Amino acid sequence: MASTIRVRATANGDTTEVQALIQHPMDTGFVKDAQGQIIPPHFIQQLTFEHNGKAVFLANWGTAVSKDPYVKFSFKGASKGDDLKISWVDNKGATDTTTAKIQ
Amino acid sequence: MSMIRTRGIALVQSGNWFPGKTVLKSNIRNLVLATVLLMAGAWPALAASEADYKAAFAAAEAAQKQADGLRNKWTTTEAQLAAAKKAAGAGDFDAATTAAREAEALAKASIFQATSEKERWKDMEIR
Amino acid sequence: MHVRTILASAAAALATAVLACVAASAIAAPDRPDPVADAKAFQNFFAKKFPKVKYEDFVNGPYSMNEDLHRQWEEKEQFPPYEFALEAGKEMFATPFKNGKTYADCFPNKGIGIRQNYPTFDEKEGKVITLELALNRCREANGEAPYSYVKDEMAALTAYMAFTSRGNKMDIKIPNDPRALAAYENGKRYFYTRRGQLNFSCATCHVQSPGERIRAEILAPALGIMNAMPIYRSEWSSMGTTSRRFMTCNSQTRAVPLEPQSDEYRDVEYFLSYVANGLPISGPGARP
């Protein structure tokens, strides 16, 4: 199955710019379906970006983040060719991980 | 109502505003007259029956059907029709009749819009 | 006396004939639609109203109207929100039907790079055919159930087809057929007609007020407004088709929406696409 994480990391000198698009419903638990039943909350609780075993970006999310979240940030200390590991865990215990090469 | 107002103005103009005995009597008479008129006017709204609702709803639905034929129904008309039905279902025929009458007015406005726009749209056209 | 009467009646007849001709041409001129002139007037109107906008940029809707929005959108396009729908659409397009045939079999050029030709006028049927309609007909002709015109699958499919056509110039044809002209004119009429309790026409927002705000949104210009379809709207948190947008626009003016792919919707899409001929396809699009 295809990964839910799309990521692009570009090194620009010492700074690496990272963009990621994650496929996830991010249901708040306040919305009703067509039958009038509440769609239970289903959202990413923790999102981690790791480089060389160290977390360079850590997010603790709640229901305020929208569906298919997009993240963009930059960090220092990485070089072209390095690995960047991304993983998330949601409130149902589901997870996904992917590794991308910094370009 | 205007009858009473003109009377009042007449009283002021004639300088008879400060009530003497005759003026007071006619003022009271006017007041009673006004109350009776008001009540007479309010009477149907106070006692809307199921028949009233059904007639009003039928008229509203007919107008909405006509709007539909012109492909120009309004969502607010639909909302009022639904509200009328709901109130009638709960036995509140006053609210139901009021909502039905409102729906008919909205439907008629949408018909007017569709009919006048048949020519008026050209005013907006870029040439 | 006899000759004079004849001459007099001849003159009268001639005069009446001339008058009739003049009257007829005076009536006929505004009645016969002239799409070529309309398109020119439409394009000139927006070019003149927004002289600073690069002409091709009109297809980017609200982004062409506001520099800050444009910058944010450019950044977002590096990683666009429609990416998932696009990938799903690509997969769907390649997947054969139960009978072994594919969408490629229904369309010219195997369905690649053809979005700019839609809507087209079908002379056999005498009606406007949109891309969505053509896709569902393809499905039904091959024994598959049609997709909803407003939801995800149709939006994903058309997103992929738009993507393969990106950059191609809009190329809508109106054949020399009175029914095609009538459909075009019907679409034009729909576009300019006020509707709903709020009494807005499409033109009220997209001709009179592009670049201005309606509540928190910046309005897009009508020129090229179809070129970015289908669109991922942040408001919907999902992909939506032309039908979906028309229906929501209707309800936003408090008009009861028509059925998806109804005559009026297909005709207005025909009109709007035609007057944008020459502008590039920018779909699938991302909008606020």
# chains A, B, ... in the order shown; residues from 1 in each chain; ligands from 1
call {"tool": "interface_residues", "arguments": {"of": "chain B", "to": "chain C", "cutoff": "10 Å", "atoms": "only C-alpha atoms", "output": "PDB file with C-alpha atoms, in the first residue's frame"}}
result
ATOM      1  CA  ASP B  68     -39.834  25.431 -10.232  1.00  0.00           C
ATOM      2  CA  ARG B  71     -36.115  26.913 -12.737  1.00  0.00           C
ATOM      3  CA  ASN B  72     -35.871  29.565 -10.064  1.00  0.00           C
ATOM      4  CA  LYS B  73     -36.769  28.249  -6.610  1.00  0.00           C
ATOM      5  CA  TRP B  74     -35.240  29.899  -3.558  1.00  0.00           C
ATOM      6  CA  THR B  75     -33.789  27.949  -0.652  1.00  0.00           C
ATOM      7  CA  THR B  76     -35.536  30.276   1.800  1.00  0.00           C
ATOM      8  CA  THR B  77     -38.906  29.385   0.276  1.00  0.00           C
ATOM      9  CA  GLU B  78     -38.131  25.704   0.774  1.00  0.00           C
ATOM     10  CA  LEU B 106     -41.057  34.307  -1.174  1.00  0.00           C
ATOM     11  CA  ALA B 107     -42.173  32.025  -3.989  1.00  0.00           C
ATOM     12  CA  ALA B 109     -40.906  37.069  -5.347  1.00  0.00           C
ATOM     13  CA  SER B 110     -38.818  34.374  -7.014  1.00  0.00           C
ATOM     14  CA  GLN B 113     -37.372  37.695 -10.336  1.00  0.00           C
ATOM     15  CA  ALA B 114     -37.368  34.984 -13.000  1.00  0.00           C
ATOM     16  CA  SER B 116     -38.205  40.214 -15.020  1.00  0.00           C
ATOM     17  CA  GLU B 117     -34.737  38.699 -15.495  1.00  0.00           C
ATOM     18  CA  LYS B 118     -35.885  37.245 -18.829  1.00  0.00           C
ATOM     19  CA  GLU B 119     -35.104  40.628 -20.359  1.00  0.00           C
ATOM     20  CA  ARG B 120     -33.082  42.350 -17.673  1.00  0.00           C
ATOM     21  CA  TRP B 121     -30.133  39.947 -17.888  1.00  0.00           C
ATOM     22  CA  LYS B 122     -29.041  41.761 -21.022  1.00  0.00           C
ATOM     23  CA  ASP B 123     -28.274  44.841 -18.929  1.00  0.00           C
ATOM     24  CA  MET B 124     -25.408  42.982 -17.267  1.00  0.00           C
ATOM     25  CA  GLU B 125     -23.935  41.583 -20.477  1.00  0.00           C
ATOM     26  CA  ILE B 126     -20.428  42.590 -21.501  1.00  0.00           C
ATOM     27  CA  ARG B 127     -20.543  43.918 -25.026  1.00  0.00           C
TER      28      ARG B 127
END
call {"tool": "select_by_dssp", "arguments": {"residues": "stretch 95-281 of chain C", "states": "strand (DSSP E or B)", "output": "number ranges by chain"}}
result
C: 120-122, 127-129, 169, 195, 200, 213-214, 217-218, 231-233, 238-240, 255, 280
call {"tool": "closest_residue", "arguments": {"among": "C:Met161, C:Met239, C:Met247, C:Ala216", "to": "chain A", "atoms": "only C-alpha atoms"}}
result
C:Met239
call {"tool": "atom_distance", "arguments": {"atom1": "atom CA of C:Glu269", "atom2": "atom CA of C:Arg244"}}
result
12.5 Å
call {"tool": "interface_residues", "arguments": {"of": "chain C", "to": "chain A", "cutoff": "9 Å", "atoms": "only C-alpha atoms", "output": "list of chain:residue names"}}
result
C:Gln78, C:Phe79, C:Pro80, C:Pro81, C:Glu83, C:Phe84, C:Ser237, C:Ser238
call {"tool": "write_last_selection", "arguments": {"atoms": "C-alpha atoms", "output": "PDB file, in the first residue's frame"}}
result
ATOM      1  CA  GLN C  78       5.134  22.769  -4.935  1.00  0.00           C
ATOM      2  CA  PHE C  79       3.158  20.311  -2.826  1.00  0.00           C
ATOM      3  CA  PRO C  80      -0.431  20.760  -3.854  1.00  0.00           C
ATOM      4  CA  PRO C  81      -3.422  19.517  -1.860  1.00  0.00           C
ATOM      5  CA  GLU C  83      -1.960  15.488  -5.220  1.00  0.00           C
ATOM      6  CA  PHE C  84      -3.821  12.552  -3.649  1.00  0.00           C
ATOM      7  CA  SER C 237     -11.241  19.731   2.261  1.00  0.00           C
ATOM      8  CA  SER C 238     -11.629  17.737  -0.915  1.00  0.00           C
TER       9      SER C 238
END
call {"tool": "select_by_dssp", "arguments": {"residues": "stretch 35-152 of chain C", "states": "helix (DSSP H, G or I)", "output": "count of residues only"}}
result
69
call {"tool": "atom_distance", "arguments": {"atom1": "atom CA of C:Trp73", "atom2": "atom CA of C:Phe200"}}
result
27.9 Å
call {"tool": "residues_around", "arguments": {"residues": "C:Asn66", "least_positions_apart": "4", "cutoff": "8 Å", "atoms": "only C-alpha atoms", "output": "ChimeraX atom specification"}}
result
/C:62,70,211
call {"tool": "residues_around", "arguments": {"residues": "C:Leu272", "least_positions_apart": "6", "cutoff": "10 Å", "atoms": "only C-alpha atoms", "output": "ChimeraX atom specification"}}
result
/C:39,42,119,172,184,187-188,191,222-227
call {"tool": "write_last_selection", "arguments": {"atoms": "N, CA and C atoms", "output": "short mmCIF file (atom, residue, chain, number, x, y, z; two decimals), in the first residue's frame"}}
result
data_model
loop_
_atom_site.label_atom_id
_atom_site.label_comp_id
_atom_site.auth_asym_id
_atom_site.auth_seq_id
_atom_site.Cartn_x
_atom_site.Cartn_y
_atom_site.Cartn_z
N ALA C 39 -16.69 36.85 -27.28
CA ALA C 39 -15.43 36.43 -26.66
C ALA C 39 -14.44 37.58 -26.66
N PHE C 42 -15.47 40.09 -24.08
CA PHE C 42 -15.25 39.52 -22.75
C PHE C 42 -13.79 39.63 -22.37
N PRO C 119 -16.26 21.72 -22.87
CA PRO C 119 -17.36 20.98 -23.46
C PRO C 119 -17.38 21.05 -24.99
N ILE C 172 -12.58 25.58 -27.50
CA ILE C 172 -13.97 25.15 -27.61
C ILE C 172 -14.52 25.55 -28.96
N TYR C 184 -25.14 27.94 -26.58
CA TYR C 184 -24.18 28.98 -26.19
C TYR C 184 -24.92 30.18 -25.59
N GLY C 187 -26.38 29.51 -22.23
CA GLY C 187 -25.35 29.58 -21.20
C GLY C 187 -25.02 31.02 -20.85
N LYS C 188 -24.96 31.86 -21.86
CA LYS C 188 -24.66 33.27 -21.64
C LYS C 188 -25.78 33.90 -20.80
N PHE C 191 -25.56 32.90 -17.22
CA PHE C 191 -24.45 33.56 -16.54
C PHE C 191 -24.84 34.96 -16.05
N ALA C 222 -14.26 36.13 -14.10
CA ALA C 222 -14.96 35.11 -14.88
C ALA C 222 -14.10 34.60 -16.04
N LEU C 223 -13.17 35.42 -16.51
CA LEU C 223 -12.33 35.01 -17.63
C LEU C 223 -11.39 33.89 -17.20
N GLY C 224 -11.55 32.72 -17.83
CA GLY C 224 -10.68 31.60 -17.51
C GLY C 224 -11.07 30.84 -16.27
N ILE C 225 -12.30 31.08 -15.79
CA ILE C 225 -12.68 30.49 -14.51
C ILE C 225 -12.88 28.97 -14.60
N MET C 226 -13.05 28.47 -15.82
CA MET C 226 -13.21 27.02 -15.99
C MET C 226 -11.87 26.32 -16.17
N ASN C 227 -10.83 27.11 -16.47
CA ASN C 227 -9.56 26.51 -16.86
C ASN C 227 -8.86 25.74 -15.75
#
call {"tool": "residues_around", "arguments": {"residues": "C:Gly113", "least_positions_apart": "4", "cutoff": "8 Å", "atoms": "only C-alpha atoms", "output": "list in words"}}
result
Asn109, Met161, Ala162, Thr164, Ser165, Arg166 and Asn168 of chain C
call {"tool": "write_last_selection", "arguments": {"atoms": "N, CA and C atoms", "output": "PDB file, in the first residue's frame"}}
result
ATOM      1  N   ASN C 109      -7.040  10.428 -28.912  1.00  0.00           N
ATOM      2  CA  ASN C 109      -5.689  10.506 -28.357  1.00  0.00           C
ATOM      3  C   ASN C 109      -5.575   9.730 -27.039  1.00  0.00           C
ATOM      4  N   MET C 161      -7.170  14.002 -16.053  1.00  0.00           N
ATOM      5  CA  MET C 161      -7.292  14.400 -17.456  1.00  0.00           C
ATOM      6  C   MET C 161      -6.921  15.864 -17.647  1.00  0.00           C
ATOM      7  N   ALA C 162      -7.238  16.705 -16.662  1.00  0.00           N
ATOM      8  CA  ALA C 162      -6.848  18.114 -16.732  1.00  0.00           C
ATOM      9  C   ALA C 162      -5.328  18.218 -16.645  1.00  0.00           C
ATOM     10  N   THR C 164      -3.028  16.120 -17.552  1.00  0.00           N
ATOM     11  CA  THR C 164      -2.339  15.745 -18.793  1.00  0.00           C
ATOM     12  C   THR C 164      -2.511  16.800 -19.870  1.00  0.00           C
ATOM     13  N   SER C 165      -3.419  17.747 -19.636  1.00  0.00           N
ATOM     14  CA  SER C 165      -3.684  18.788 -20.628  1.00  0.00           C
ATOM     15  C   SER C 165      -3.161  20.146 -20.206  1.00  0.00           C
ATOM     16  N   ARG C 166      -2.441  20.188 -19.091  1.00  0.00           N
ATOM     17  CA  ARG C 166      -1.969  21.464 -18.541  1.00  0.00           C
ATOM     18  C   ARG C 166      -1.160  22.215 -19.571  1.00  0.00           C
ATOM     19  N   ASN C 168      -2.223  23.391 -22.335  1.00  0.00           N
ATOM     20  CA  ASN C 168      -2.916  23.432 -23.633  1.00  0.00           C
ATOM     21  C   ASN C 168      -3.919  24.572 -23.624  1.00  0.00           C
TER      22      ASN C 168
END
call {"tool": "residues_around", "arguments": {"residues": "B:Ala96", "least_positions_apart": "3", "cutoff": "12 Å", "atoms": "only C-alpha atoms", "output": "mmCIF file with C-alpha atoms, in the first residue's frame"}}
result
data_model
loop_
_atom_site.group_PDB
_atom_site.id
_atom_site.type_symbol
_atom_site.label_atom_id
_atom_site.label_comp_id
_atom_site.auth_asym_id
_atom_site.auth_seq_id
_atom_site.Cartn_x
_atom_site.Cartn_y
_atom_site.Cartn_z
ATOM 1 C CA ALA B 45 -54.137 35.703 13.295
ATOM 2 C CA ALA B 47 -57.341 31.784 15.567
ATOM 3 C CA ALA B 48 -55.689 30.164 12.525
ATOM 4 C CA SER B 49 -57.326 26.832 11.994
ATOM 5 C CA GLU B 50 -56.087 23.737 10.205
ATOM 6 C CA ALA B 51 -58.213 24.784 7.239
ATOM 7 C CA ASP B 52 -56.470 28.160 7.147
ATOM 8 C CA TYR B 53 -53.094 26.415 7.202
ATOM 9 C CA LYS B 54 -54.056 23.967 4.472
ATOM 10 C CA ALA B 55 -55.265 26.779 2.223
ATOM 11 C CA ALA B 56 -52.162 28.868 2.840
ATOM 12 C CA PHE B 57 -49.874 25.878 2.306
ATOM 13 C CA ALA B 60 -47.544 28.450 -1.242
ATOM 14 C CA GLN B 80 -40.405 28.213 5.113
ATOM 15 C CA LEU B 81 -42.453 25.423 3.538
ATOM 16 C CA ALA B 82 -40.616 22.902 5.701
ATOM 17 C CA ALA B 83 -41.138 25.074 8.789
ATOM 18 C CA ALA B 84 -44.859 25.348 8.018
ATOM 19 C CA LYS B 85 -45.183 21.589 7.677
ATOM 20 C CA LYS B 86 -43.275 21.019 10.880
ATOM 21 C CA ALA B 87 -45.383 23.488 12.856
ATOM 22 C CA ALA B 88 -48.578 21.985 11.467
ATOM 23 C CA GLY B 89 -47.358 18.536 12.442
ATOM 24 C CA ALA B 90 -46.894 19.810 15.992
ATOM 25 C CA GLY B 91 -50.411 21.278 15.938
ATOM 26 C CA ASP B 92 -49.291 24.928 15.956
ATOM 27 C CA PHE B 93 -51.481 26.184 13.110
ATOM 28 C CA ALA B 99 -44.814 30.311 7.690
ATOM 29 C CA ALA B 100 -46.955 29.175 4.754
ATOM 30 C CA ARG B 101 -47.911 32.751 3.940
ATOM 31 C CA GLU B 102 -44.241 33.765 4.148
ATOM 32 C CA ALA B 103 -43.369 30.885 1.809
#
call {"tool": "atom_distance", "arguments": {"atom1": "atom CA of C:Pro96", "atom2": "atom CA of C:Glu144"}}
result
10.7 Å
call {"tool": "residues_around", "arguments": {"residues": "C:Thr241", "least_positions_apart": "2", "cutoff": "6 Å", "atoms": "only C-alpha atoms", "output": "PDB file with N, CA and C atoms, in the first residue's frame"}}
result
ATOM      1  N   VAL C 150     -20.712  15.001  -8.549  1.00  0.00           N
ATOM      2  CA  VAL C 150     -20.184  15.995  -7.619  1.00  0.00           C
ATOM      3  C   VAL C 150     -19.057  15.467  -6.748  1.00  0.00           C
ATOM      4  N   ALA C 155     -14.205  13.618  -9.700  1.00  0.00           N
ATOM      5  CA  ALA C 155     -13.256  14.713  -9.529  1.00  0.00           C
ATOM      6  C   ALA C 155     -11.829  14.206  -9.730  1.00  0.00           C
ATOM      7  N   PRO C 230     -10.936  20.398 -12.429  1.00  0.00           N
ATOM      8  CA  PRO C 230     -11.620  20.455 -11.136  1.00  0.00           C
ATOM      9  C   PRO C 230     -10.718  21.066 -10.070  1.00  0.00           C
ATOM     10  N   SER C 243     -19.711  20.711 -11.560  1.00  0.00           N
ATOM     11  CA  SER C 243     -21.095  20.600 -11.078  1.00  0.00           C
ATOM     12  C   SER C 243     -21.195  21.001  -9.617  1.00  0.00           C
ATOM     13  N   ARG C 244     -20.212  20.510  -8.855  1.00  0.00           N
ATOM     14  CA  ARG C 244     -20.244  20.800  -7.420  1.00  0.00           C
ATOM     15  C   ARG C 244     -20.153  22.308  -7.174  1.00  0.00           C
TER      16      ARG C 244
END
call {"tool": "decode", "arguments": {"residues": "stretch 63-184 of chain C", "atoms": "C-alpha atoms", "output": "JSON list (two decimals), in the first residue's frame"}}
result
[["chain", "number", "residue", "atom", "x", "y", "z"],
["C", 63, "TYR", "CA", -4.57, 34.49, -7.15],
["C", 64, "SER", "CA", -4.41, 36.74, -10.19],
["C", 65, "MET", "CA", -6.19, 39.40, -8.15],
["C", 66, "ASN", "CA", -4.01, 39.49, -5.05],
["C", 67, "GLU", "CA", -0.21, 39.39, -4.86],
["C", 68, "ASP", "CA", -0.01, 37.94, -1.36],
["C", 69, "LEU", "CA", -2.44, 35.14, -2.20],
["C", 70, "HIS", "CA", -0.49, 34.49, -5.41],
["C", 71, "ARG", "CA", 2.75, 34.02, -3.51],
["C", 72, "GLN", "CA", 1.17, 31.65, -1.01],
["C", 73, "TRP", "CA", -0.43, 29.67, -3.81],
["C", 74, "GLU", "CA", 2.86, 29.36, -5.72],
["C", 75, "GLU", "CA", 4.47, 27.89, -2.61],
["C", 76, "LYS", "CA", 1.58, 25.52, -2.14],
["C", 77, "GLU", "CA", 1.78, 24.36, -5.76],
["C", 78, "GLN", "CA", 5.13, 22.77, -4.93],
["C", 79, "PHE", "CA", 3.16, 20.31, -2.83],
["C", 80, "PRO", "CA", -0.43, 20.76, -3.85],
["C", 81, "PRO", "CA", -3.42, 19.52, -1.86],
["C", 82, "TYR", "CA", -4.89, 17.87, -4.98],
["C", 83, "GLU", "CA", -1.96, 15.49, -5.22],
["C", 84, "PHE", "CA", -3.82, 12.55, -3.65],
["C", 85, "ALA", "CA", -6.84, 12.99, -5.91],
["C", 86, "LEU", "CA", -4.55, 13.29, -8.92],
["C", 87, "GLU", "CA", -2.77, 10.04, -8.10],
["C", 88, "ALA", "CA", -6.07, 8.28, -7.49],
["C", 89, "GLY", "CA", -7.34, 9.62, -10.81],
["C", 90, "LYS", "CA", -4.28, 8.37, -12.68],
["C", 91, "GLU", "CA", -4.79, 4.91, -11.24],
["C", 92, "MET", "CA", -8.51, 4.92, -12.03],
["C", 93, "PHE", "CA", -7.85, 6.03, -15.59],
["C", 94, "ALA", "CA", -5.45, 3.17, -16.17],
["C", 95, "THR", "CA", -7.64, 0.50, -14.57],
["C", 96, "PRO", "CA", -9.66, -1.45, -17.16],
["C", 97, "PHE", "CA", -13.40, -1.98, -16.89],
["C", 98, "LYS", "CA", -14.82, -5.41, -16.15],
["C", 99, "ASN", "CA", -15.07, -6.02, -19.91],
["C", 100, "GLY", "CA", -11.38, -5.30, -20.40],
["C", 101, "LYS", "CA", -11.74, -1.94, -22.13],
["C", 102, "THR", "CA", -10.41, 1.33, -20.69],
["C", 103, "TYR", "CA", -11.27, 5.03, -20.74],
["C", 104, "ALA", "CA", -8.61, 5.43, -23.42],
["C", 105, "ASP", "CA", -10.87, 3.54, -25.79],
["C", 106, "CYS", "CA", -13.63, 6.14, -25.48],
["C", 107, "PHE", "CA", -11.60, 9.26, -26.22],
["C", 108, "PRO", "CA", -9.43, 10.66, -28.98],
["C", 109, "ASN", "CA", -5.69, 10.51, -28.36],
["C", 110, "LYS", "CA", -6.35, 7.82, -25.72],
["C", 111, "GLY", "CA", -7.86, 10.50, -23.47],
["C", 112, "ILE", "CA", -4.52, 12.24, -22.89],
["C", 113, "GLY", "CA", -4.22, 15.97, -23.38],
["C", 114, "ILE", "CA", -7.81, 16.49, -24.56],
["C", 115, "ARG", "CA", -9.46, 18.34, -21.68],
["C", 116, "GLN", "CA", -9.22, 21.69, -23.48],
["C", 117, "ASN", "CA", -11.71, 20.48, -26.10],
["C", 118, "TYR", "CA", -14.52, 20.10, -23.57],
["C", 119, "PRO", "CA", -17.36, 20.98, -23.46],
["C", 120, "THR", "CA", -18.11, 20.00, -27.02],
["C", 121, "PHE", "CA", -21.36, 20.17, -28.95],
["C", 122, "ASP", "CA", -22.70, 16.81, -30.05],
["C", 123, "GLU", "CA", -24.46, 17.43, -33.34],
["C", 124, "LYS", "CA", -26.11, 14.01, -33.38],
["C", 125, "GLU", "CA", -27.78, 14.56, -30.04],
["C", 126, "GLY", "CA", -28.05, 18.31, -30.30],
["C", 127, "LYS", "CA", -26.66, 18.99, -26.84],
["C", 128, "VAL", "CA", -23.53, 20.11, -25.04],
["C", 129, "ILE", "CA", -21.32, 17.30, -23.75],
["C", 130, "THR", "CA", -19.01, 18.05, -20.84],
["C", 131, "LEU", "CA", -15.98, 15.95, -19.95],
["C", 132, "GLU", "CA", -17.82, 14.51, -16.93],
["C", 133, "LEU", "CA", -20.79, 13.53, -19.04],
["C", 134, "ALA", "CA", -18.51, 11.91, -21.60],
["C", 135, "LEU", "CA", -16.72, 9.94, -18.86],
["C", 136, "ASN", "CA", -19.94, 8.58, -17.42],
["C", 137, "ARG", "CA", -21.20, 7.66, -20.88],
["C", 138, "CYS", "CA", -17.95, 5.81, -21.41],
["C", 139, "ARG", "CA", -18.54, 3.91, -18.19],
["C", 140, "GLU", "CA", -22.14, 3.04, -19.01],
["C", 141, "ALA", "CA", -21.25, 2.00, -22.55],
["C", 142, "ASN", "CA", -18.85, -0.48, -21.00],
["C", 143, "GLY", "CA", -21.24, -1.89, -18.43],
["C", 144, "GLU", "CA", -20.06, 0.12, -15.46],
["C", 145, "ALA", "CA", -22.20, 2.15, -13.07],
["C", 146, "PRO", "CA", -21.94, 5.93, -13.55],
["C", 147, "TYR", "CA", -20.13, 8.04, -10.96],
["C", 148, "SER", "CA", -21.76, 10.87, -9.03],
["C", 149, "TYR", "CA", -21.09, 14.17, -10.77],
["C", 150, "VAL", "CA", -20.18, 16.00, -7.62],
["C", 151, "LYS", "CA", -17.99, 13.65, -5.70],
["C", 152, "ASP", "CA", -14.57, 12.13, -5.40],
["C", 153, "GLU", "CA", -14.18, 9.58, -8.20],
["C", 154, "MET", "CA", -15.38, 11.90, -10.95],
["C", 155, "ALA", "CA", -13.26, 14.71, -9.53],
["C", 156, "ALA", "CA", -10.18, 12.46, -9.37],
["C", 157, "LEU", "CA", -10.64, 11.29, -12.97],
["C", 158, "THR", "CA", -11.12, 14.77, -14.37],
["C", 159, "ALA", "CA", -8.19, 15.98, -12.26],
["C", 160, "TYR", "CA", -5.93, 13.52, -14.02],
["C", 161, "MET", "CA", -7.29, 14.40, -17.46],
["C", 162, "ALA", "CA", -6.85, 18.11, -16.73],
["C", 163, "PHE", "CA", -3.30, 17.46, -15.54],
["C", 164, "THR", "CA", -2.34, 15.74, -18.79],
["C", 165, "SER", "CA", -3.68, 18.79, -20.63],
["C", 166, "ARG", "CA", -1.97, 21.46, -18.54],
["C", 167, "GLY", "CA", -0.75, 24.33, -20.65],
["C", 168, "ASN", "CA", -2.92, 23.43, -23.63],
["C", 169, "LYS", "CA", -4.96, 26.37, -24.80],
["C", 170, "MET", "CA", -8.72, 26.21, -24.27],
["C", 171, "ASP", "CA", -10.19, 25.28, -27.64],
["C", 172, "ILE", "CA", -13.97, 25.15, -27.61],
["C", 173, "LYS", "CA", -15.77, 24.90, -30.92],
["C", 174, "ILE", "CA", -19.26, 26.14, -31.72],
["C", 175, "PRO", "CA", -20.32, 24.41, -34.96],
["C", 176, "ASN", "CA", -22.47, 26.28, -37.46],
["C", 177, "ASP", "CA", -25.61, 24.72, -36.01],
["C", 178, "PRO", "CA", -28.51, 26.76, -34.65],
["C", 179, "ARG", "CA", -28.81, 24.36, -31.71],
["C", 180, "ALA", "CA", -25.19, 24.95, -30.74],
["C", 181, "LEU", "CA", -25.68, 28.69, -30.96],
["C", 182, "ALA", "CA", -28.84, 28.34, -28.88],
["C", 183, "ALA", "CA", -26.96, 26.36, -26.22],
["C", 184, "TYR", "CA", -24.18, 28.98, -26.19]]
